[in-house]
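K.L.:
coords11.pdb is the file, holding PDB, N, CA and C atoms:
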```
ATOM      1  N   MET A   1       9.535  -0.415  -5.460
ATOM      2  CA  MET A   1      10.182   0.110  -4.280
ATOM      3  C   MET A   1       9.995  -0.883  -3.144
ATOM      4  N   THR A   2      11.021  -1.104  -2.398
ATOM      5  CA  THR A   2      10.929  -1.986  -1.233
ATOM      6  C   THR A   2      10.601  -1.172   0.017
ATOM      7  N   ILE A   3      10.165  -1.861   1.051
ATOM      8  CA  ILE A   3       9.891  -1.187   2.319
ATOM      9  C   ILE A   3      11.180  -0.598   2.879
ATOM     10  N   ALA A   4      12.282  -1.323   2.735
ATOM     11  CA  ALA A   4      13.574  -0.819   3.217
ATOM     12  C   ALA A   4      13.942   0.494   2.524
ATOM     13  N   LYS A   5      13.741   0.561   1.213
ATOM     14  CA  LYS A   5      14.061   1.783   0.471
ATOM     15  C   LYS A   5      13.146   2.926   0.892
ATOM     16  N   LEU A   6      11.865   2.646   1.056
ATOM     17  CA  LEU A   6      10.930   3.679   1.498
ATOM     18  C   LEU A   6      11.327   4.204   2.869
ATOM     19  N   LYS A   7      11.649   3.308   3.794
ATOM     20  CA  LYS A   7      12.065   3.731   5.128
ATOM     21  C   LYS A   7      13.322   4.591   5.069
ATOM     22  N   ARG A   8      14.275   4.211   4.215
ATOM     23  CA  ARG A   8      15.517   4.976   4.082
ATOM     24  C   ARG A   8      15.225   6.371   3.545
ATOM     25  N   ILE A   9      14.407   6.465   2.507
ATOM     26  CA  ILE A   9      14.066   7.764   1.912
ATOM     27  C   ILE A   9      13.395   8.664   2.943
ATOM     28  N   LEU A  10      12.439   8.107   3.674
ATOM     29  CA  LEU A  10      11.737   8.911   4.674
ATOM     30  C   LEU A  10      12.682   9.371   5.774
ATOM     31  N   LYS A  11      13.576   8.486   6.206
ATOM     32  CA  LYS A  11      14.526   8.844   7.268
ATOM     33  C   LYS A  11      15.494   9.914   6.782
ATOM     34  N   GLU A  12      16.052   9.742   5.586
ATOM     35  CA  GLU A  12      17.028  10.699   5.054
ATOM     36  C   GLU A  12      16.425  12.082   4.845
ATOM     37  N   ASN A  13      15.120  12.139   4.634
ATOM     38  CA  ASN A  13      14.456  13.417   4.389
ATOM     39  C   ASN A  13      13.692  13.926   5.602
ATOM     40  N   ASN A  14      13.934  13.301   6.756
ATOM     41  CA  ASN A  14      13.330  13.729   8.025
ATOM     42  C   ASN A  14      11.809  13.831   7.957
ATOM     43  N   ILE A  15      11.179  12.846   7.321
ATOM     44  CA  ILE A  15       9.718  12.815   7.248
ATOM     45  C   ILE A  15       9.195  12.197   8.541
ATOM     46  N   PRO A  16       8.282  12.874   9.239
ATOM     47  CA  PRO A  16       7.765  12.349  10.502
ATOM     48  C   PRO A  16       7.028  11.025  10.305
ATOM     49  N   GLU A  17       7.099  10.154  11.302
ATOM     50  CA  GLU A  17       6.433   8.861  11.216
ATOM     51  C   GLU A  17       4.919   8.965  11.177
ATOM     52  N   ASP A  18       4.374  10.099  11.570
ATOM     53  CA  ASP A  18       2.920  10.246  11.532
ATOM     54  C   ASP A  18       2.432  10.931  10.249
ATOM     55  N   ALA A  19       3.311  11.054   9.242
ATOM     56  CA  ALA A  19       2.898  11.608   7.946
ATOM     57  C   ALA A  19       1.901  10.655   7.293
ATOM     58  N   THR A  20       0.934  11.195   6.582
ATOM     59  CA  THR A  20      -0.097  10.406   5.918
ATOM     60  C   THR A  20       0.384   9.940   4.552
ATOM     61  N   LEU A  21       0.177   8.656   4.248
ATOM     62  CA  LEU A  21       0.483   8.117   2.922
ATOM     63  C   LEU A  21      -0.748   8.254   2.039
ATOM     64  N   MET A  22      -0.553   8.772   0.846
ATOM     65  CA  MET A  22      -1.633   8.937  -0.115
ATOM     66  C   MET A  22      -1.227   8.252  -1.415
ATOM     67  N   SER A  23      -2.182   8.019  -2.283
ATOM     68  CA  SER A  23      -1.925   7.413  -3.584
ATOM     69  C   SER A  23      -2.469   8.317  -4.675
ATOM     70  N   ASP A  24      -1.736   8.456  -5.759
ATOM     71  CA  ASP A  24      -2.226   9.199  -6.925
ATOM     72  C   ASP A  24      -1.913   8.368  -8.161
ATOM     73  N   SER A  25      -2.870   7.539  -8.557
ATOM     74  CA  SER A  25      -2.662   6.622  -9.672
ATOM     75  C   SER A  25      -2.813   7.314 -11.027
ATOM     76  N   GLY A  26      -3.296   8.548 -11.008
ATOM     77  CA  GLY A  26      -3.538   9.242 -12.259
ATOM     78  C   GLY A  26      -4.977   9.101 -12.727
ATOM     79  N   TRP A  27      -5.727   8.200 -12.095
ATOM     80  CA  TRP A  27      -7.126   8.005 -12.469
ATOM     81  C   TRP A  27      -8.044   8.917 -11.669
ATOM     82  N   GLU A  28      -7.621   9.260 -10.460
ATOM     83  CA  GLU A  28      -8.435  10.142  -9.641
ATOM     84  C   GLU A  28      -8.121  11.593 -10.012
ATOM     85  N   CYS A  29      -8.883  12.508  -9.474
ATOM     86  CA  CYS A  29      -8.647  13.937  -9.721
ATOM     87  C   CYS A  29      -7.406  14.430  -8.991
ATOM     88  N   CYS A  30      -7.035  13.727  -7.921
ATOM     89  CA  CYS A  30      -5.888  14.129  -7.115
ATOM     90  C   CYS A  30      -5.481  12.939  -6.248
ATOM     91  N   ALA A  31      -4.640  13.177  -5.283
ATOM     92  CA  ALA A  31      -4.221  12.106  -4.385
ATOM     93  C   ALA A  31      -5.413  11.597  -3.583
ATOM     94  N   SER A  32      -5.402  10.302  -3.268
ATOM     95  CA  SER A  32      -6.495   9.693  -2.512
ATOM     96  C   SER A  32      -5.928   8.888  -1.346
ATOM     97  N   ASP A  33      -6.794   8.615  -0.371
ATOM     98  CA  ASP A  33      -6.376   7.860   0.811
ATOM     99  C   ASP A  33      -5.945   6.448   0.430
ATOM    100  N   MET A  34      -5.026   5.910   1.201
ATOM    101  CA  MET A  34      -4.598   4.520   1.062
ATOM    102  C   MET A  34      -5.024   3.808   2.338
ATOM    103  N   ASP A  35      -6.280   3.381   2.393
ATOM    104  CA  ASP A  35      -6.832   2.794   3.610
ATOM    105  C   ASP A  35      -6.827   1.278   3.612
ATOM    106  N   GLY A  36      -6.458   0.659   2.509
ATOM    107  CA  GLY A  36      -6.384  -0.797   2.434
ATOM    108  C   GLY A  36      -4.971  -1.229   2.102
ATOM    109  N   ILE A  37      -4.517  -2.290   2.759
ATOM    110  CA  ILE A  37      -3.181  -2.821   2.491
ATOM    111  C   ILE A  37      -3.309  -4.337   2.353
ATOM    112  N   TYR A  38      -2.774  -4.854   1.264
ATOM    113  CA  TYR A  38      -2.810  -6.292   0.999
ATOM    114  C   TYR A  38      -1.397  -6.791   0.729
ATOM    115  N   TYR A  39      -1.160  -8.063   1.071
ATOM    116  CA  TYR A  39       0.168  -8.663   0.881
ATOM    117  C   TYR A  39       0.028 -10.015   0.187
ATOM    118  N   ARG A  40       0.917 -10.274  -0.785
ATOM    119  CA  ARG A  40       0.968 -11.578  -1.456
ATOM    120  C   ARG A  40       2.363 -12.150  -1.244
ATOM    121  N   ALA A  41       2.445 -13.249  -0.506
ATOM    122  CA  ALA A  41       3.728 -13.871  -0.171
ATOM    123  C   ALA A  41       4.426 -14.442  -1.393
ATOM    124  N   GLU A  42       3.661 -14.920  -2.362
ATOM    125  CA  GLU A  42       4.230 -15.564  -3.546
ATOM    126  C   GLU A  42       5.320 -14.727  -4.204
ATOM    127  N   ASP A  43       5.073 -13.429  -4.336
ATOM    128  CA  ASP A  43       6.085 -12.560  -4.938
ATOM    129  C   ASP A  43       6.498 -11.415  -4.014
ATOM    130  N   ASN A  44       6.156 -11.560  -2.706
ATOM    131  CA  ASN A  44       6.573 -10.597  -1.690
ATOM    132  C   ASN A  44       6.166  -9.176  -2.059
ATOM    133  N   THR A  45       4.874  -8.996  -2.337
ATOM    134  CA  THR A  45       4.359  -7.714  -2.812
ATOM    135  C   THR A  45       3.314  -7.152  -1.860
ATOM    136  N   VAL A  46       3.430  -5.860  -1.584
ATOM    137  CA  VAL A  46       2.440  -5.117  -0.807
ATOM    138  C   VAL A  46       1.704  -4.185  -1.770
ATOM    139  N   VAL A  47       0.370  -4.163  -1.672
ATOM    140  CA  VAL A  47      -0.438  -3.279  -2.510
ATOM    141  C   VAL A  47      -1.285  -2.398  -1.595
ATOM    142  N   PHE A  48      -1.277  -1.106  -1.874
ATOM    143  CA  PHE A  48      -2.125  -0.152  -1.173
ATOM    144  C   PHE A  48      -3.368   0.098  -2.020
ATOM    145  N   THR A  49      -4.539   0.080  -1.405
ATOM    146  CA  THR A  49      -5.789   0.387  -2.095
ATOM    147  C   THR A  49      -6.488   1.527  -1.368
ATOM    148  N   GLN A  50      -7.535   2.049  -1.981
ATOM    149  CA  GLN A  50      -8.256   3.154  -1.358
ATOM    150  C   GLN A  50      -9.068   2.709  -0.151
ATOM    151  N   ASP A  51      -9.473   1.450  -0.135
ATOM    152  CA  ASP A  51     -10.253   0.943   0.989
ATOM    153  C   ASP A  51     -10.163  -0.577   1.028
ATOM    154  N   TYR A  52     -10.830  -1.169   2.005
ATOM    155  CA  TYR A  52     -10.819  -2.627   2.138
ATOM    156  C   TYR A  52     -11.996  -3.272   1.411
ATOM    157  N   ASP A  53     -12.744  -2.515   0.640
ATOM    158  CA  ASP A  53     -13.862  -3.074  -0.102
ATOM    159  C   ASP A  53     -13.460  -3.458  -1.516
ATOM    160  N   ASN A  54     -12.166  -3.611  -1.767
ATOM    161  CA  ASN A  54     -11.672  -3.941  -3.097
ATOM    162  C   ASN A  54     -11.951  -5.414  -3.378
ATOM    163  N   SER A  55     -12.892  -5.690  -4.275
ATOM    164  CA  SER A  55     -13.334  -7.061  -4.511
ATOM    165  C   SER A  55     -12.238  -7.940  -5.107
ATOM    166  N   TYR A  56     -11.345  -7.379  -5.911
ATOM    167  CA  TYR A  56     -10.293  -8.197  -6.511
ATOM    168  C   TYR A  56      -9.425  -8.833  -5.431
ATOM    169  N   TYR A  57      -8.935  -8.032  -4.500
ATOM    170  CA  TYR A  57      -8.045  -8.544  -3.465
ATOM    171  C   TYR A  57      -8.795  -9.358  -2.416
ATOM    172  N   ASN A  58     -10.013  -8.924  -2.068
ATOM    173  CA  ASN A  58     -10.797  -9.651  -1.071
ATOM    174  C   ASN A  58     -11.201 -11.038  -1.557
ATOM    175  N   ASN A  59     -11.415 -11.191  -2.859
ATOM    176  CA  ASN A  59     -11.879 -12.468  -3.406
ATOM    177  C   ASN A  59     -10.757 -13.341  -3.940
ATOM    178  N   ASN A  60      -9.526 -12.925  -3.744
ATOM    179  CA  ASN A  60      -8.379 -13.678  -4.241
ATOM    180  C   ASN A  60      -7.635 -14.265  -3.040
ATOM    181  N   PRO A  61      -7.605 -15.593  -2.896
ATOM    182  CA  PRO A  61      -6.976 -16.202  -1.726
ATOM    183  C   PRO A  61      -5.459 -16.008  -1.645
ATOM    184  N   ASP A  62      -4.838 -15.558  -2.734
ATOM    185  CA  ASP A  62      -3.392 -15.311  -2.709
ATOM    186  C   ASP A  62      -3.041 -14.041  -1.935
ATOM    187  N   TRP A  63      -4.006 -13.148  -1.757
ATOM    188  CA  TRP A  63      -3.758 -11.866  -1.092
ATOM    189  C   TRP A  63      -4.289 -11.901   0.331
ATOM    190  N   VAL A  64      -3.512 -11.374   1.265
ATOM    191  CA  VAL A  64      -3.878 -11.291   2.670
ATOM    192  C   VAL A  64      -4.125  -9.831   3.010
ATOM    193  N   LYS A  65      -5.281  -9.567   3.603
ATOM    194  CA  LYS A  65      -5.613  -8.217   4.051
ATOM    195  C   LYS A  65      -4.846  -7.932   5.338
ATOM    196  N   LEU A  66      -4.063  -6.864   5.360
ATOM    197  CA  LEU A  66      -3.313  -6.495   6.559
ATOM    198  C   LEU A  66      -4.117  -5.521   7.384
ATOM    199  N   ASN A  67      -4.119  -5.712   8.679
ATOM    200  CA  ASN A  67      -4.842  -4.811   9.579
ATOM    201  C   ASN A  67      -4.070  -3.515   9.730
ATOM    202  N   ILE A  68      -4.786  -2.413   9.708
ATOM    203  CA  ILE A  68      -4.145  -1.126   9.915
ATOM    204  C   ILE A  68      -4.761  -0.433  11.109
TER     205      ILE A  68
END
```
If you took the structure in this file and wrote it as structure tokens, what would it be?
P.N.:
Amino acid sequence: MTIAKLKRILKENNIPEDATLMSDSGWECCASDMDGIYYRAEDNTVVFTQDYDNSYYNNNPDWVKLNI
């Protein structure tokens, strides 16, 4: 999904801009917070994580931690 598509879906369904984004990967018992956001320019990808303590993204120079 692209950011443009997500924005369109939210707008078409009248979702307020202050709605909380959650993640449910199927590994947790239920939906969890998405408190970390990382970006990789190489393939123009945004990844949401549960927090900013994710060692994979923090230790990989290809990923940039985005401030939230």
K.L.:
Among stretch 25-62 of chain A, which ones does DSSP assign to strand (DSSP E) (computed from the backbone)? Answer as a ChimeraX atom specification.
P.N.:
/A:32-33,36-40,45-49
K.L.:
Name the residues of chain A that come out as helix (DSSP H, G or I) in a backbone DSSP run; write them as a PyMOL selection string.
P.N.:
chain A and resi 3-12+41-43+55-58
K.L.:
Show which residues sit within 7 Å of stretch 22-36 of chain A, as a list in words. Count all atoms listed in the file, and ignore same-chain residues fewer than 5 positions away.
P.N.:
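Near stretch 22-36 of chain A, the qualifying residues are Val47, Phe48, Thr49, Gln50, Asp51, Tyr52, Asp53 and Leu66 of chain A.
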K.L.:
So how many Å separate atom C of A:Ile37 and atom CA of A:Thr20, to one decimal?
P.N.:
15.5 Å
K.L.:
Enter the distance from atom N of A:Ala19 to atom N of A:Trp63, in Å, rounded to one decimal.
P.N.:
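Separation between atom N of A:Ala19 and atom N of A:Trp63: 27.6 Å.
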K.L.:
Any idea what the distance is between atom CA of A:Lys11 and atom CA of A:Thr45?
P.N.:
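One can read the atom CA of A:Lys11 to atom CA of A:Thr45 distance as 21.9 Å.
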K.L.:
Using only C-alpha atoms, pick whichever of A:Leu21, A:Asp62, A:Tyr38, A:Asn54 has the shortest atom-to-atom distance to A:Leu6.
P.N.:
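So, comparing all the options, the nearest one is A:Leu21.
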K.L.:
Could I get stretch 7-46 of chain A from the block written out with N, CA and C atoms, as a tab-separated table (two decimals), in the first residue's frame?
P.N.:
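Contents of the output file selection_5.tsv:
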```
chain	number	residue	atom	x	y	z
A	7	LYS	N	-3.98	7.50	2.33
A	7	LYS	CA	-4.63	8.80	2.52
A	7	LYS	C	-5.99	8.84	1.83
A	8	ARG	N	-6.08	8.27	0.62
A	8	ARG	CA	-7.34	8.26	-0.11
A	8	ARG	C	-8.38	7.43	0.63
A	9	ILE	N	-8.00	6.25	1.10
A	9	ILE	CA	-8.93	5.38	1.83
A	9	ILE	C	-9.45	6.08	3.08
A	10	LEU	N	-8.54	6.69	3.83
A	10	LEU	CA	-8.96	7.37	5.06
A	10	LEU	C	-9.88	8.54	4.75
A	11	LYS	N	-9.58	9.29	3.70
A	11	LYS	CA	-10.41	10.44	3.33
A	11	LYS	C	-11.79	9.97	2.87
A	12	GLU	N	-11.84	8.96	2.01
A	12	GLU	CA	-13.12	8.47	1.48
A	12	GLU	C	-14.02	7.91	2.57
A	13	ASN	N	-13.42	7.43	3.65
A	13	ASN	CA	-14.19	6.83	4.74
A	13	ASN	C	-14.33	7.76	5.94
A	14	ASN	N	-13.97	9.03	5.75
A	14	ASN	CA	-14.13	10.06	6.79
A	14	ASN	C	-13.47	9.67	8.11
A	15	ILE	N	-12.27	9.11	8.03
A	15	ILE	CA	-11.52	8.75	9.23
A	15	ILE	C	-10.80	10.00	9.73
A	16	PRO	N	-10.99	10.37	11.00
A	16	PRO	CA	-10.35	11.58	11.53
A	16	PRO	C	-8.83	11.48	11.50
A	17	GLU	N	-8.17	12.60	11.30
A	17	GLU	CA	-6.71	12.62	11.25
A	17	GLU	C	-6.06	12.26	12.57
A	18	ASP	N	-6.80	12.33	13.66
A	18	ASP	CA	-6.22	11.97	14.95
A	18	ASP	C	-6.50	10.52	15.34
A	19	ALA	N	-6.98	9.70	14.39
A	19	ALA	CA	-7.18	8.27	14.65
A	19	ALA	C	-5.82	7.61	14.89
A	20	THR	N	-5.78	6.64	15.78
A	20	THR	CA	-4.55	5.93	16.12
A	20	THR	C	-4.30	4.80	15.14
A	21	LEU	N	-3.06	4.69	14.65
A	21	LEU	CA	-2.66	3.57	13.79
A	21	LEU	C	-2.13	2.45	14.67
A	22	MET	N	-2.60	1.25	14.43
A	22	MET	CA	-2.16	0.08	15.17
A	22	MET	C	-1.69	-0.97	14.17
A	23	SER	N	-0.96	-1.96	14.65
A	23	SER	CA	-0.48	-3.05	13.81
A	23	SER	C	-0.94	-4.37	14.41
A	24	ASP	N	-1.35	-5.30	13.56
A	24	ASP	CA	-1.69	-6.65	14.02
A	24	ASP	C	-1.05	-7.63	13.05
A	25	SER	N	0.16	-8.06	13.38
A	25	SER	CA	0.93	-8.92	12.49
A	25	SER	C	0.48	-10.38	12.58
A	26	GLY	N	-0.36	-10.68	13.56
A	26	GLY	CA	-0.77	-12.06	13.76
A	26	GLY	C	0.08	-12.77	14.79
A	27	TRP	N	1.20	-12.15	15.18
A	27	TRP	CA	2.07	-12.76	16.18
A	27	TRP	C	1.68	-12.34	17.59
A	28	GLU	N	1.10	-11.15	17.70
A	28	GLU	CA	0.68	-10.68	19.01
A	28	GLU	C	-0.71	-11.23	19.31
A	29	CYS	N	-1.17	-11.03	20.52
A	29	CYS	CA	-2.51	-11.47	20.91
A	29	CYS	C	-3.59	-10.61	20.28
A	30	CYS	N	-3.23	-9.38	19.92
A	30	CYS	CA	-4.18	-8.44	19.34
A	30	CYS	C	-3.40	-7.32	18.67
A	31	ALA	N	-4.07	-6.26	18.32
A	31	ALA	CA	-3.40	-5.12	17.71
A	31	ALA	C	-2.42	-4.50	18.70
A	32	SER	N	-1.32	-3.96	18.18
A	32	SER	CA	-0.30	-3.34	19.02
A	32	SER	C	0.05	-1.96	18.48
A	33	ASP	N	0.66	-1.15	19.34
A	33	ASP	CA	1.04	0.21	18.95
A	33	ASP	C	2.08	0.18	17.84
A	34	MET	N	2.05	1.20	17.01
A	34	MET	CA	3.06	1.40	15.97
A	34	MET	C	3.81	2.68	16.34
A	35	ASP	N	4.80	2.55	17.23
A	35	ASP	CA	5.50	3.72	17.74
A	35	ASP	C	6.82	3.99	17.04
A	36	GLY	N	7.25	3.11	16.16
A	36	GLY	CA	8.48	3.32	15.41
A	36	GLY	C	8.19	3.36	13.92
A	37	ILE	N	8.85	4.27	13.22
A	37	ILE	CA	8.68	4.37	11.77
A	37	ILE	C	10.07	4.48	11.15
A	38	TYR	N	10.32	3.63	10.17
A	38	TYR	CA	11.60	3.63	9.48
A	38	TYR	C	11.37	3.74	7.98
A	39	TYR	N	12.34	4.34	7.28
A	39	TYR	CA	12.22	4.53	5.83
A	39	TYR	C	13.51	4.08	5.15
A	40	ARG	N	13.36	3.37	4.02
A	40	ARG	CA	14.51	2.96	3.20
A	40	ARG	C	14.31	3.55	1.81
A	41	ALA	N	15.18	4.47	1.43
A	41	ALA	CA	15.08	5.16	0.14
A	41	ALA	C	15.31	4.22	-1.03
A	42	GLU	N	16.16	3.22	-0.86
A	42	GLU	CA	16.51	2.31	-1.94
A	42	GLU	C	15.29	1.75	-2.66
A	43	ASP	N	14.28	1.34	-1.89
A	43	ASP	CA	13.07	0.81	-2.50
A	43	ASP	C	11.82	1.57	-2.09
A	44	ASN	N	12.03	2.79	-1.52
A	44	ASN	CA	10.93	3.68	-1.17
A	44	ASN	C	9.91	2.99	-0.27
A	45	THR	N	10.40	2.43	0.84
A	45	THR	CA	9.57	1.65	1.74
A	45	THR	C	9.53	2.25	3.13
A	46	VAL	N	8.33	2.31	3.70
A	46	VAL	CA	8.13	2.73	5.08
A	46	VAL	C	7.73	1.49	5.89
```
